[in-house]
file protein.txt (compact mmCIF, C-alpha atoms)
# COMPACT_ATOMS: atom_id res chain seq x y z
CA MET A 10 102.67 107.39 98.66
CA ARG A 11 104.08 110.21 100.76
CA GLN A 12 105.20 112.13 97.71
CA ALA A 13 102.13 112.01 95.50
CA GLY A 14 100.90 108.46 95.02
CA ARG A 15 97.58 108.36 96.80
CA SER A 16 96.09 111.08 94.58
CA LEU A 17 97.40 109.81 91.23
CA PRO A 18 95.12 107.73 88.96
CA GLU A 19 98.12 105.72 87.76
CA TYR A 20 98.94 104.85 91.38
CA LEU A 21 95.39 103.76 92.13
CA LYS A 22 95.41 101.59 89.02
CA VAL A 23 98.64 99.78 89.81
CA ARG A 24 97.66 99.32 93.48
CA GLU A 25 94.18 97.98 92.69
CA GLY A 26 93.72 94.72 94.59
CA VAL A 27 97.30 94.77 95.89
CA PRO A 28 97.72 95.05 99.69
CA MET A 29 100.05 97.79 100.84
CA LEU A 30 102.70 95.53 102.36
CA THR A 31 102.66 93.32 99.26
CA ALA A 32 103.35 96.38 97.11
CA CYS A 33 106.17 97.39 99.47
CA ALA A 34 107.82 93.97 99.01
CA THR A 35 107.53 93.76 95.20
CA PRO A 36 110.52 95.39 93.45
CA ASP A 37 108.75 96.09 90.15
CA LEU A 38 105.87 97.80 91.93
CA ILE A 39 108.22 99.77 94.17
CA VAL A 40 110.09 101.09 91.13
CA GLU A 41 106.94 101.94 89.18
CA ILE A 42 105.24 103.76 92.07
CA THR A 43 108.41 105.64 93.01
CA MET A 44 108.82 106.85 89.43
CA GLN A 45 105.21 107.99 88.89
CA PRO A 46 105.48 111.45 90.54
CA VAL A 47 108.88 112.00 88.91
CA ARG A 48 107.43 111.35 85.45
CA ARG A 49 104.27 113.39 86.01
CA TYR A 50 105.66 116.40 87.86
CA GLY A 51 109.40 116.54 87.28
CA VAL A 52 110.06 116.82 91.01
CA ASP A 53 113.69 117.29 92.08
CA ALA A 54 114.06 113.98 93.90
CA ALA A 55 112.28 110.64 94.07
CA ILE A 56 111.00 109.29 97.38
CA PHE A 57 111.37 105.54 97.82
CA PHE A 58 107.97 103.84 97.95
CA SER A 59 107.72 101.91 101.19
CA ASP A 60 106.21 102.13 104.66
CA ILE A 61 107.70 102.67 108.10
CA VAL A 62 106.55 99.24 109.33
CA VAL A 63 108.34 97.34 106.53
CA PRO A 64 111.41 96.41 108.65
CA LEU A 65 109.15 95.21 111.48
CA LYS A 66 107.22 92.98 109.09
CA ALA A 67 110.51 91.73 107.66
CA ILE A 68 111.77 90.46 111.04
CA GLY A 69 108.55 88.61 111.78
CA VAL A 70 106.29 91.03 113.65
CA ASP A 71 102.68 89.96 113.01
CA LEU A 72 101.19 93.11 111.55
CA ASP A 73 99.13 94.39 108.66
CA ILE A 74 98.17 97.75 107.20
CA LYS A 75 94.39 98.00 107.21
CA PRO A 76 92.88 100.33 104.57
CA GLY A 77 91.51 103.43 106.23
CA VAL A 78 93.03 102.44 109.58
CA GLY A 79 96.80 102.07 109.30
CA PRO A 80 99.22 99.62 110.92
CA VAL A 81 97.59 97.02 113.16
CA ILE A 82 99.79 94.84 115.43
CA ALA A 83 98.40 91.40 116.28
CA ASP A 84 100.34 91.08 119.55
CA PRO A 85 101.17 94.47 121.08
CA ILE A 86 104.37 94.64 123.09
CA ARG A 87 103.48 95.30 126.72
CA ASP A 88 106.16 93.35 128.63
CA ARG A 89 109.75 92.16 128.37
CA ALA A 90 108.74 88.85 126.81
CA GLY A 91 107.20 90.76 123.93
CA LEU A 92 110.60 92.24 123.06
CA GLU A 93 111.84 88.85 121.84
CA VAL A 94 110.12 89.27 118.47
CA LEU A 95 112.36 92.26 117.76
CA ARG A 96 115.46 90.48 116.50
CA PRO A 97 118.16 92.40 114.55
CA LEU A 98 117.38 93.17 110.91
CA GLU A 99 119.69 91.64 108.31
CA PRO A 100 120.04 92.77 104.67
CA GLY A 101 118.70 89.39 103.59
CA ASP A 102 115.42 90.19 105.34
CA VAL A 103 114.66 92.94 102.84
CA PRO A 104 116.14 91.87 99.47
CA TYR A 105 113.33 93.70 97.67
CA VAL A 106 114.57 96.99 99.13
CA THR A 107 118.07 96.49 97.77
CA GLU A 108 116.83 95.29 94.38
CA ALA A 109 114.35 98.14 93.96
CA ILE A 110 116.81 100.87 94.98
CA GLN A 111 119.50 99.58 92.65
CA SER A 112 117.00 99.56 89.78
CA LEU A 113 115.78 103.05 90.66
CA VAL A 114 119.27 104.52 90.83
CA GLY A 115 119.86 103.31 87.29
CA GLU A 116 116.54 104.63 86.02
CA LEU A 117 116.69 107.98 87.80
CA GLY A 118 120.13 108.94 86.51
CA SER A 119 121.12 112.25 88.10
CA THR A 120 117.86 112.61 90.04
CA PRO A 121 118.51 111.80 93.73
CA LEU A 122 116.60 109.04 95.51
CA ILE A 123 115.46 109.69 99.08
CA GLY A 124 115.10 106.68 101.35
CA PHE A 125 113.41 106.76 104.74
CA ALA A 126 112.53 104.93 107.92
CA GLY A 127 110.24 105.39 110.87
CA ALA A 128 111.91 106.69 114.02
CA PRO A 129 112.07 104.44 117.10
CA PHE A 130 109.51 106.49 119.06
CA THR A 131 106.82 106.25 116.39
CA LEU A 132 107.47 102.55 115.80
CA ALA A 133 107.37 101.95 119.55
CA SER A 134 104.06 103.78 119.77
CA TYR A 135 102.47 101.48 117.17
CA LEU A 136 103.97 98.34 118.71
CA ILE A 137 102.70 99.17 122.20
CA GLU A 138 99.31 100.55 121.14
CA GLY A 139 98.65 97.75 118.65
CA GLY A 140 97.55 100.29 116.06
CA PRO A 141 96.99 104.02 115.47
CA LEU A 142 97.28 106.08 118.63
CA GLN A 143 94.19 106.44 120.80
CA GLU A 144 93.40 107.62 124.33
CA PRO A 145 94.55 106.47 126.83
CA ARG A 146 98.05 105.88 125.51
CA PRO A 147 99.82 102.71 126.69
CA HIS A 148 103.12 103.87 125.19
CA GLN A 149 103.20 106.83 127.54
CA ALA A 150 102.28 104.57 130.45
CA MET A 151 105.30 102.40 129.65
CA MET A 152 107.54 105.45 129.24
CA TYR A 153 106.68 106.80 132.69
CA GLY A 154 105.79 103.62 134.60
CA GLU A 155 108.35 101.13 133.21
CA PRO A 156 111.26 103.22 131.96
CA ALA A 157 113.67 100.26 131.90
CA LEU A 158 111.33 98.36 129.57
CA TRP A 159 110.84 101.47 127.44
CA HIS A 160 114.58 101.98 127.01
CA ALA A 161 115.08 98.30 126.18
CA LEU A 162 112.43 98.59 123.47
CA MET A 163 113.96 101.78 122.08
CA GLU A 164 117.42 100.15 122.03
CA ARG A 165 116.15 97.32 119.84
CA LEU A 166 114.23 99.62 117.53
CA THR A 167 117.21 101.95 117.15
CA ASP A 168 119.30 99.03 115.93
CA ILE A 169 116.57 97.88 113.50
CA VAL A 170 116.06 101.39 112.09
CA SER A 171 119.79 102.01 111.72
CA ARG A 172 120.26 98.75 109.85
CA HIS A 173 117.25 99.44 107.62
CA LEU A 174 118.66 102.83 106.67
CA ARG A 175 122.07 101.29 106.08
CA VAL A 176 120.54 98.82 103.60
CA GLN A 177 119.03 101.73 101.65
CA ILE A 178 122.23 103.75 101.71
CA ASP A 179 124.39 100.82 100.65
CA ALA A 180 121.99 100.13 97.77
CA GLY A 181 122.44 103.69 96.47
CA ALA A 182 120.03 106.11 98.18
CA SER A 183 121.38 109.68 98.03
CA ALA A 184 119.69 110.85 101.23
CA ILE A 185 117.55 109.47 104.01
CA GLN A 186 114.70 110.84 106.09
CA LEU A 187 113.66 109.78 109.57
CA PHE A 188 109.92 110.11 110.16
CA ASP A 189 108.82 110.58 113.78
CA SER A 190 105.15 111.15 113.11
CA TRP A 191 103.89 111.07 116.70
CA VAL A 192 106.74 112.69 118.59
CA GLY A 193 105.09 116.11 118.51
CA ALA A 194 102.94 115.03 121.44
CA VAL A 195 105.96 114.54 123.73
CA ALA A 196 106.90 117.31 126.16
CA PRO A 197 110.43 118.73 125.70
CA ASP A 198 111.86 117.29 128.92
CA ASP A 199 110.40 113.86 128.17
CA TYR A 200 111.72 114.05 124.62
CA ARG A 201 115.25 114.68 125.87
CA GLU A 202 115.07 111.74 128.26
CA PHE A 203 113.10 109.10 126.39
CA VAL A 204 113.51 109.87 122.67
CA LEU A 205 116.44 112.12 121.74
CA PRO A 206 119.28 109.73 122.71
CA TYR A 207 118.00 107.15 120.22
CA THR A 208 117.29 109.60 117.41
CA ARG A 209 120.74 111.10 117.91
CA ARG A 210 122.36 107.67 117.80
CA ILE A 211 120.80 107.00 114.38
CA PHE A 212 121.91 110.33 112.93
CA GLU A 213 125.40 110.00 114.37
CA ALA A 214 125.74 106.65 112.61
CA VAL A 215 124.66 107.99 109.22
CA PRO A 216 127.82 110.00 108.31
CA THR A 217 129.78 106.75 108.17
CA CYS A 218 127.30 105.58 105.54
CA ARG A 219 127.98 108.42 103.08
CA ALA A 220 124.48 109.85 102.93
CA SER A 221 122.89 113.16 103.78
CA THR A 222 120.15 113.13 106.39
CA SER A 223 117.00 114.95 107.40
CA GLY A 224 114.28 114.50 109.99
CA SER A 225 110.52 114.81 109.93
CA ALA A 226 108.20 115.20 112.91
CA ARG A 227 104.55 115.77 112.07
CA ARG A 228 102.92 118.39 114.28
CA ALA A 229 106.32 119.50 115.54
CA ALA A 230 107.05 123.21 115.62
CA ARG A 231 110.15 123.36 113.42
CA ARG A 232 109.53 122.62 109.75
CA ALA A 233 112.75 123.61 108.03
CA ARG A 234 114.78 121.33 105.86
CA ARG A 235 118.27 121.96 104.56
CA GLY A 236 119.29 121.25 101.01
CA GLY A 237 118.32 123.36 98.00
CA ARG A 238 115.84 123.55 95.15
CA ARG A 239 116.55 121.87 91.79
CA ARG A 240 120.30 122.37 91.78
CA GLY A 241 120.36 121.73 95.54
CA GLY A 242 119.10 118.20 95.05
CA ARG A 243 121.87 117.55 92.54
CA ARG A 244 124.42 119.05 94.93
CA LEU A 245 123.18 116.83 97.75
CA ALA A 246 123.57 113.71 95.63
CA ARG A 247 127.06 114.70 94.43
CA ALA A 248 128.18 115.36 98.00
CA ALA A 249 127.02 111.91 99.02
CA ARG A 250 128.87 110.28 96.13
CA ARG A 251 132.10 112.13 96.84
CA GLY A 252 131.94 111.08 100.47
CA ARG A 253 131.91 114.56 102.00
CA ALA A 254 128.79 113.61 103.89
CA ALA A 255 130.67 110.72 105.44
CA ARG A 256 132.41 113.33 107.58
CA ARG A 257 129.67 115.91 108.00
CA ALA A 258 126.07 115.01 107.15
CA ARG A 259 123.56 117.77 106.56
CA GLN A 260 120.72 117.57 109.02
CA GLY A 261 117.38 119.31 109.13
CA ALA A 262 113.65 118.79 109.57
CA ALA A 263 111.49 117.91 106.57
CA GLY A 264 108.17 119.54 105.88
CA ASN A 265 106.74 122.95 105.02
CA LEU A 266 103.34 123.25 103.38
CA ASP A 267 100.30 121.77 105.13
CA PRO A 268 98.97 119.22 102.60
CA ALA A 269 95.39 120.09 103.56
CA ILE A 270 95.75 123.50 101.93
CA LEU A 271 96.00 121.75 98.56
CA LEU A 272 92.25 121.12 98.88
CA ALA A 273 91.63 124.89 98.86
CA PRO A 274 91.32 127.11 95.75
CA TRP A 275 94.62 127.69 93.92
CA GLU A 276 94.85 131.31 95.06
CA ALA A 277 95.12 130.18 98.69
CA VAL A 278 97.71 127.53 97.80
CA GLU A 279 99.80 130.03 95.85
CA ARG A 280 99.69 132.63 98.61
CA LYS A 281 100.81 130.18 101.29
CA ALA A 282 103.47 128.55 99.12
CA LEU A 283 105.01 131.92 98.22
CA SER A 284 105.07 132.89 101.89
CA ILE A 285 106.97 129.70 102.74
CA LEU A 286 109.41 130.26 99.89
CA GLU A 287 110.08 133.81 101.05
CA GLN A 288 110.77 132.58 104.57
CA GLY A 289 113.11 129.99 103.14
CA ARG A 290 115.44 132.72 101.85
CA SER A 291 116.91 133.04 105.34
CA ALA A 292 117.94 129.39 105.48
CA GLU A 293 121.35 128.06 104.46
CA GLY A 294 119.45 125.86 102.03
CA HIS A 295 115.78 125.10 101.56
CA VAL A 296 113.95 122.13 100.06
CA PHE A 297 110.28 122.90 99.60
CA ASN A 298 108.14 119.98 100.68
CA LEU A 299 104.84 119.06 102.29
CA GLY A 300 104.51 118.68 106.04
CA HIS A 301 103.17 115.15 105.51
CA GLY A 302 101.95 112.89 102.70
CA VAL A 303 99.62 114.00 99.93
CA LEU A 304 95.97 113.55 100.91
CA PRO A 305 94.10 111.02 98.72
CA SER A 306 91.49 113.56 97.59
CA THR A 307 94.08 116.05 96.30
CA ASP A 308 93.62 117.16 92.69
CA PRO A 309 96.76 116.11 90.76
CA ASP A 310 96.55 119.39 88.84
CA GLN A 311 97.06 121.29 92.10
CA LEU A 312 100.30 119.40 92.62
CA ARG A 313 101.38 120.21 89.08
CA ARG A 314 100.75 123.93 89.58
CA LEU A 315 102.52 123.85 92.95
CA THR A 316 105.59 122.14 91.49
CA ASP A 317 105.72 124.63 88.64
CA LEU A 318 105.38 127.54 91.07
CA VAL A 319 108.28 126.34 93.22
CA HIS A 320 110.47 125.72 90.18
CA SER A 321 109.75 129.22 88.85
CA PHE A 322 110.56 130.94 92.17
CA ARG A 323 113.69 133.09 92.23

call {"tool": "encode", "arguments": {"input": "protein.txt", "output": "structure tokens"}}
result
Amino acid sequence: MRQAGRSLPEYLKVREGVPMLTACATPDLIVEITMQPVRRYGVDAAIFFSDIVVPLKAIGVDLDIKPGVGPVIADPIRDRAGLEVLRPLEPGDVPYVTEAIQSLVGELGSTPLIGFAGAPFTLASYLIEGGPLQEPRPHQAMMYGEPALWHALMERLTDIVSRHLRVQIDAGASAIQLFDSWVGAVAPDDYREFVLPYTRRIFEAVPTCRASTSGSARRAARRARRGGRRRGGRRLARAARRGRAARRARQGAAGNLDPAILLAPWEAVERKALSILEQGRSAEGHVFNLGHGVLPSTDPDQLRRLTDLVHSFR
């Protein structure tokens, strides 16, 4: 979905009548949807089809993804008693993740597979709010007014996220991304106190799992991601297999092109994409990507032209 799915007719066909969380728990559907952008566009890596709330659903949190709304939590967590639903995640809770990744690794061959998870802050925001963020924001009230409860919640989510990423890595994912979609609204000092220790703990644990890492924060200022273009993706996967990343994982921030610009005429898309590629020359490595998921109304032909443009850039 984040890579290209929502705009592809083949995605819409296979998802017709199938709830999002059902699709995310059905190995055959996961494999098919993950492969669709790879077949159509020849992108340099596949992105595992899933959703950031999958591990929460797997441990028993009563939630659903409402079309046009997003994740909706039946019983928001507002006190210490609410934390009890957040038990540790076990590999047996998500057998469909392991099965789908193992199948994808075999089908993809040398093309790397990127797994992902939602960061603790973003998951906490949904759990406290009960759904997409609105004003006023109960998660910020907990952060400032009940810091002990906030840190207890973040501790549990950090463990769940780390285990979820470990399942993907052990199954064969070449790299992982950590999506912190809402963290851009947090002031720097608050980020260092209430968020960074938990994000750092996840990334520090990843090198022992033999995978490369990256981070994504929508609306955050830095949108650079280390890696490489076509040969860079292959290099990233080989490094993970050889175990070099077990000692020193690559880290960066995912993103680049605003997906909304894909709704503009091609000339505007080309101009902006070339500007980003030129800026990327100064980086140690650069993986061109979108700042967030493809918008549903995007013309698939725009994505084709964009992929071809990036591949032709020297």

call {"tool": "residues_around", "arguments": {"input": "protein.txt", "residues": "Pro76 (chain A)", "least_positions_apart": "5", "cutoff": "12 Å", "atoms": "all atoms listed in the file", "output": "list of chain:residue names"}}
result
A:Gly26, A:Val27, A:Pro28, A:Met29, A:Leu30, A:Val81

call {"tool": "atom_distance", "arguments": {"input": "protein.txt", "atom1": "CA of Phe322 (chain A)", "atom2": "CA of Leu283 (chain A)"}}
result
8.3 Å

call {"tool": "closest_residue", "arguments": {"input": "protein.txt", "among": "A:Ile61, A:Leu117, A:Ile39, A:Leu315", "to": "Leu266 (chain A)", "atoms": "all atoms listed in the file"}}
result
A:Leu315

call {"tool": "atom_distance", "arguments": {"input": "protein.txt", "atom1": "CA of Arg280 (chain A)", "atom2": "CA of Pro121 (chain A)"}}
result
28.5 Å

call {"tool": "closest_residue", "arguments": {"input": "protein.txt", "among": "A:Ile82, A:Ala269, A:Ala32, A:Val215", "to": "Leu174 (chain A)", "atoms": "all atoms listed in the file"}}
result
A:Val215

call {"tool": "closest_atom_pairs", "arguments": {"input": "protein.txt", "of": "region 119-199 of chain A", "to": "region 284-307 of chain A", "cutoff": "12 Å", "atoms": "all atoms listed in the file", "output": "Markdown table"}}
result
| residue | atom | partner | partner_atom | distance |
| --- | --- | --- | --- | --- |
| A:Phe188 | CA | A:His301 | CA | 9.6 |
| A:Asp189 | CA | A:His301 | CA | 11.0 |
| A:Ser190 | CA | A:His301 | CA | 8.8 |
| A:Trp191 | CA | A:His301 | CA | 11.9 |

call {"tool": "atom_distance", "arguments": {"input": "protein.txt", "atom1": "CA of Phe58 (chain A)", "atom2": "CA of Gly118 (chain A)"}}
result
17.5 Å

call {"tool": "closest_residue", "arguments": {"input": "protein.txt", "among": "A:Val114, A:Ile270, A:Ile74, A:Ala126", "to": "Pro141 (chain A)", "atoms": "only C-alpha atoms"}}
result
A:Ile74

call {"tool": "residues_around", "arguments": {"input": "protein.txt", "residues": "region 149-159 of chain A", "least_positions_apart": "4", "cutoff": "9 Å", "atoms": "all atoms listed in the file", "output": "PyMOL selection string"}}
result
chain A and resi 87-89+92+133-134+137+145+163-164+199+203

call {"tool": "closest_residue", "arguments": {"input": "protein.txt", "among": "A:Ala90, A:Gly14, A:Phe125, A:Asp37", "to": "Val62 (chain A)", "atoms": "all atoms listed in the file"}}
result
A:Phe125

call {"tool": "residues_near_point", "arguments": {"input": "protein.txt", "point": "(116.0, 102.9, 114.8)", "cutoff": "9 Å", "atoms": "all atoms listed in the file", "output": "ChimeraX atom specification"}}
result
/A:126-130,132,163-174,187,207-208,210-211

call {"tool": "closest_residue", "arguments": {"input": "protein.txt", "among": "A:Gly140, A:Pro64, A:Pro100, A:Gly115", "to": "Pro80 (chain A)", "atoms": "all atoms listed in the file"}}
result
A:Gly140

call {"tool": "closest_residue", "arguments": {"input": "protein.txt", "among": "A:Ala109, A:Val78, A:Leu136, A:Leu21", "to": "Leu65 (chain A)", "atoms": "all atoms listed in the file"}}
result
A:Leu136
